[in-house]
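Just below is one structure, and these are the notes that go with it.
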Amino acid sequence: MAYVWSAPCDDGAVKIVQVLTYVSVDNAYGGPVAVAKVQCRVLAQMGHEVHLLAGWDGRAVLEIPGVRVHLHRVTALPRLGFAGMLSLGLWRTLLREARGADVVHFHFARDLVQVVGAALMRSGRHSVLQAHGMVRPDSRLLARALDCLVVRRIYRNALCHLALTEEEVMDAHRLARQSVDVVRVRNAVPMPEGFAAWDGETLPVVVFSARLHARKRPVEFVQMAAVLLKEGRRAQFRLFGPDAGELTAVKAEIDRLGVGEHVSYVRALQPGEVSTMLLAAHVYVLPSVAEPFPMSLLEALAAGLPSVITDKTGLSEELSRRGSAVVTDGSVAEMASAVGELISHREAWSIAAAAARSDAAAYFSPEALGVALQGVYAEL
C-alpha cells in the first residue's frame with residue numbers, strides 16, 4: 001500500500017471518501033482517474049477532509065494536494081480486464097475509513113473493486129454512485145447475472161446517483177428497476193499554466209490521445225491522416241494512449257497506407273504527461289462514438305487546442321452551439337476536411353484556440369463542480 005497525505009484539513013470538515021478502481025503508470029483507466037483527481041482536489045481546497053482509495057499497479061505516483069491518497073495493489077482475474085480487478089487491501093481500508101465518513105463516493109463500474117466495495121456499505125451509509133457512462137443495461141449473461149445478484153441492490157441502496165447525461169439518468173432507473181435519486185453533474189478540468197500556440201509556419205502536430213479501443217476509432221484517425229497527406233497537407237500525426245485492443249490494427253493500417261513517415265503511435269502517457277503533450281500539439285482529434293463526457297476533450301479545450309470531434313458524444317451539441325469545437329459526422333472525409341481547414345489557415349486556428357480556452361474556463365471549471373458536489377453531499 002502507498003499512502004500520501006499532502007496537507008492537513010480544517011477542523012470540523014466533512015469527511016469524504018472516494019473509491020476509484022485503478023491507477024496505473026500507463027493511465028489505462030483514463031477518464032475516471034482524471035475526474036476523481038479534479039473532484040478530490042477541489043473538495044480539499046474547500047476545506048473538506050478527502051480520502052481517495054484506489055486500486056494500483058504498484059508503479060504509478062498519485063499525489064493530490066490536501067487529499068489523503070490510499071493506493072492498494074490489485075489482483076486481476078484472467079481474461080476479464082478491468083472487470084476482474086480486486087483488492088483486499090482497498091476493501092479493508094474502505095471499511096475502516098467509511099466508519100467516520102459523511103459520504104462514500106464510488107466511481108462505479110461492474111468490476112470487483114467497486115461492486116464488492118459498494119456491497120460492503122450497509123444500508124444507511126451515505127453512498128453516492130457515479131458510473132461515468134460505464135454501467136448500462138447489458139444483455140450479456142455475466143452482466144445480467146451480476147446485476148440481478150448485487151448491482152441492482154447497490155443501485156437501490158445508494159442515497160444518490162450522479163449522472164453526466166440524460167441517458168445515464170434513465171440507465172440508473174433501469175438498472176435499479178425502480179425510481180432512484182439522480183443528480184445531473186458535469187465533469188471539470190483545471191486550466192493549465194500555459195496554452196497551445198502556433199505561428200502558422202511550424203509543422204503542425206495533430207494528436208489522438210485516448211485508449212486505443214474500437215469505440216475510440218484510432219484506425220479512423222490513421223485513415224483521416226492518410227487523406228490529408230494525399231491532399232498534400234503538411235503535418236505530423238501522433239497517437240498516444242494505452243492499447244485496449246486496437247494497437248495491432250493501428251500499426252497495420254499505418255503500414256497498409258504507407259504513411260509511417262508522418263503517422264506514428266508514440267506510447268501511453270502517465271497522467272502528468274498529458275497536459276504537456278497537449279500544450280505542444282496544434283490540433284486534437286477524438287473520433288470516438290458513444291462518449292458521454294470525454295475528459296480528454298476537456299483537457300484539450302483547457303489547453304487551448306482546437307479540437308475535432310464527432311456528433312456522437314455527450315458534449316457535441318453544446319460545443320457545436322457555442323463554436324468551441326468542430327463537430328463532424330465522424331466520417332473520415334469530414335474529419336479530414338475539418339482538420340485541413342485548421343492547419344491551413346492561421347486565423348481559423350487562432351479563433352478555434354481562443355474559443356476552446358474560453359469555453360473550458362466558463363463551463364467546465366473545478367470551482368463550479370466543487371460547489372455542485374458540496375450541495376449534493378449536503379443534501380445527504
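Just remember, in the C-alpha cells the first chain shown is A, the second B, etc., residues are 1-based per chain, and ligands are 1-based in the order shown.
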Could you give me, as JSON lines, every range 5-51 of chain A residue with an atom at most 12 Å from range 258-274 of chain A, plus its closest atom pair and distance in Å to one decimal, counting only C-alpha atoms, rows ordered by chain then number?
```
{"residue": "A:Val23", "atom": "CA", "partner": "A:Pro271", "partner_atom": "CA", "distance": 9.4}
{"residue": "A:Ser24", "atom": "CA", "partner": "A:Gln270", "partner_atom": "CA", "distance": 7.9}
{"residue": "A:Val25", "atom": "CA", "partner": "A:Gln270", "partner_atom": "CA", "distance": 5.3}
{"residue": "A:Asp26", "atom": "CA", "partner": "A:Gln270", "partner_atom": "CA", "distance": 5.2}
{"residue": "A:Asn27", "atom": "CA", "partner": "A:Gln270", "partner_atom": "CA", "distance": 5.5}
{"residue": "A:Ala28", "atom": "CA", "partner": "A:Ala268", "partner_atom": "CA", "distance": 8.1}
{"residue": "A:Tyr29", "atom": "CA", "partner": "A:Pro271", "partner_atom": "CA", "distance": 10.1}
{"residue": "A:Gly30", "atom": "CA", "partner": "A:Pro271", "partner_atom": "CA", "distance": 8.2}
{"residue": "A:Gly31", "atom": "CA", "partner": "A:Pro271", "partner_atom": "CA", "distance": 10.2}
{"residue": "A:Pro32", "atom": "CA", "partner": "A:Pro271", "partner_atom": "CA", "distance": 11.6}
{"residue": "A:Val33", "atom": "CA", "partner": "A:Pro271", "partner_atom": "CA", "distance": 8.6}
{"residue": "A:Ala34", "atom": "CA", "partner": "A:Pro271", "partner_atom": "CA", "distance": 7.9}
{"residue": "A:Val35", "atom": "CA", "partner": "A:Pro271", "partner_atom": "CA", "distance": 11.7}
{"residue": "A:Lys37", "atom": "CA", "partner": "A:Pro271", "partner_atom": "CA", "distance": 10.2}
```
Identify all residues of range 238-275 of chain A in strand (DSSP E) (DSSP on the backbone) and supply them as number ranges by chain. A: 238-240, 263-267
Would you list, as number ranges by chain, the residues of range 92-304 of chain A that end up in alpha helix (DSSP H) under DSSP run on this structure's backbone? A: 92-98, 112-120, 141-146, 152-157, 166-176, 218-230, 247-257, 274-280, 295-302
Identify, on the basis of only C-alpha atoms, every residue whose closest approach to range 338-343 of chain A does not exceed 10 Å; exclude the query and any residue fewer than 3 positions from it along the same chain; express the result as a PyMOL selection string. chain A and resi 198+200-201+203-206+224-225+227-229+231+233-235+282-285+306-309+326-328+333-335+346-353
Using only C-alpha atoms, which residue out of A:Ile64, A:Ala361, A:Leu257, A:Val169 lies closest to Gln45 in chain A?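 The shortest atom-to-atom distance to Gln45 in chain A comes from A:Ile64.
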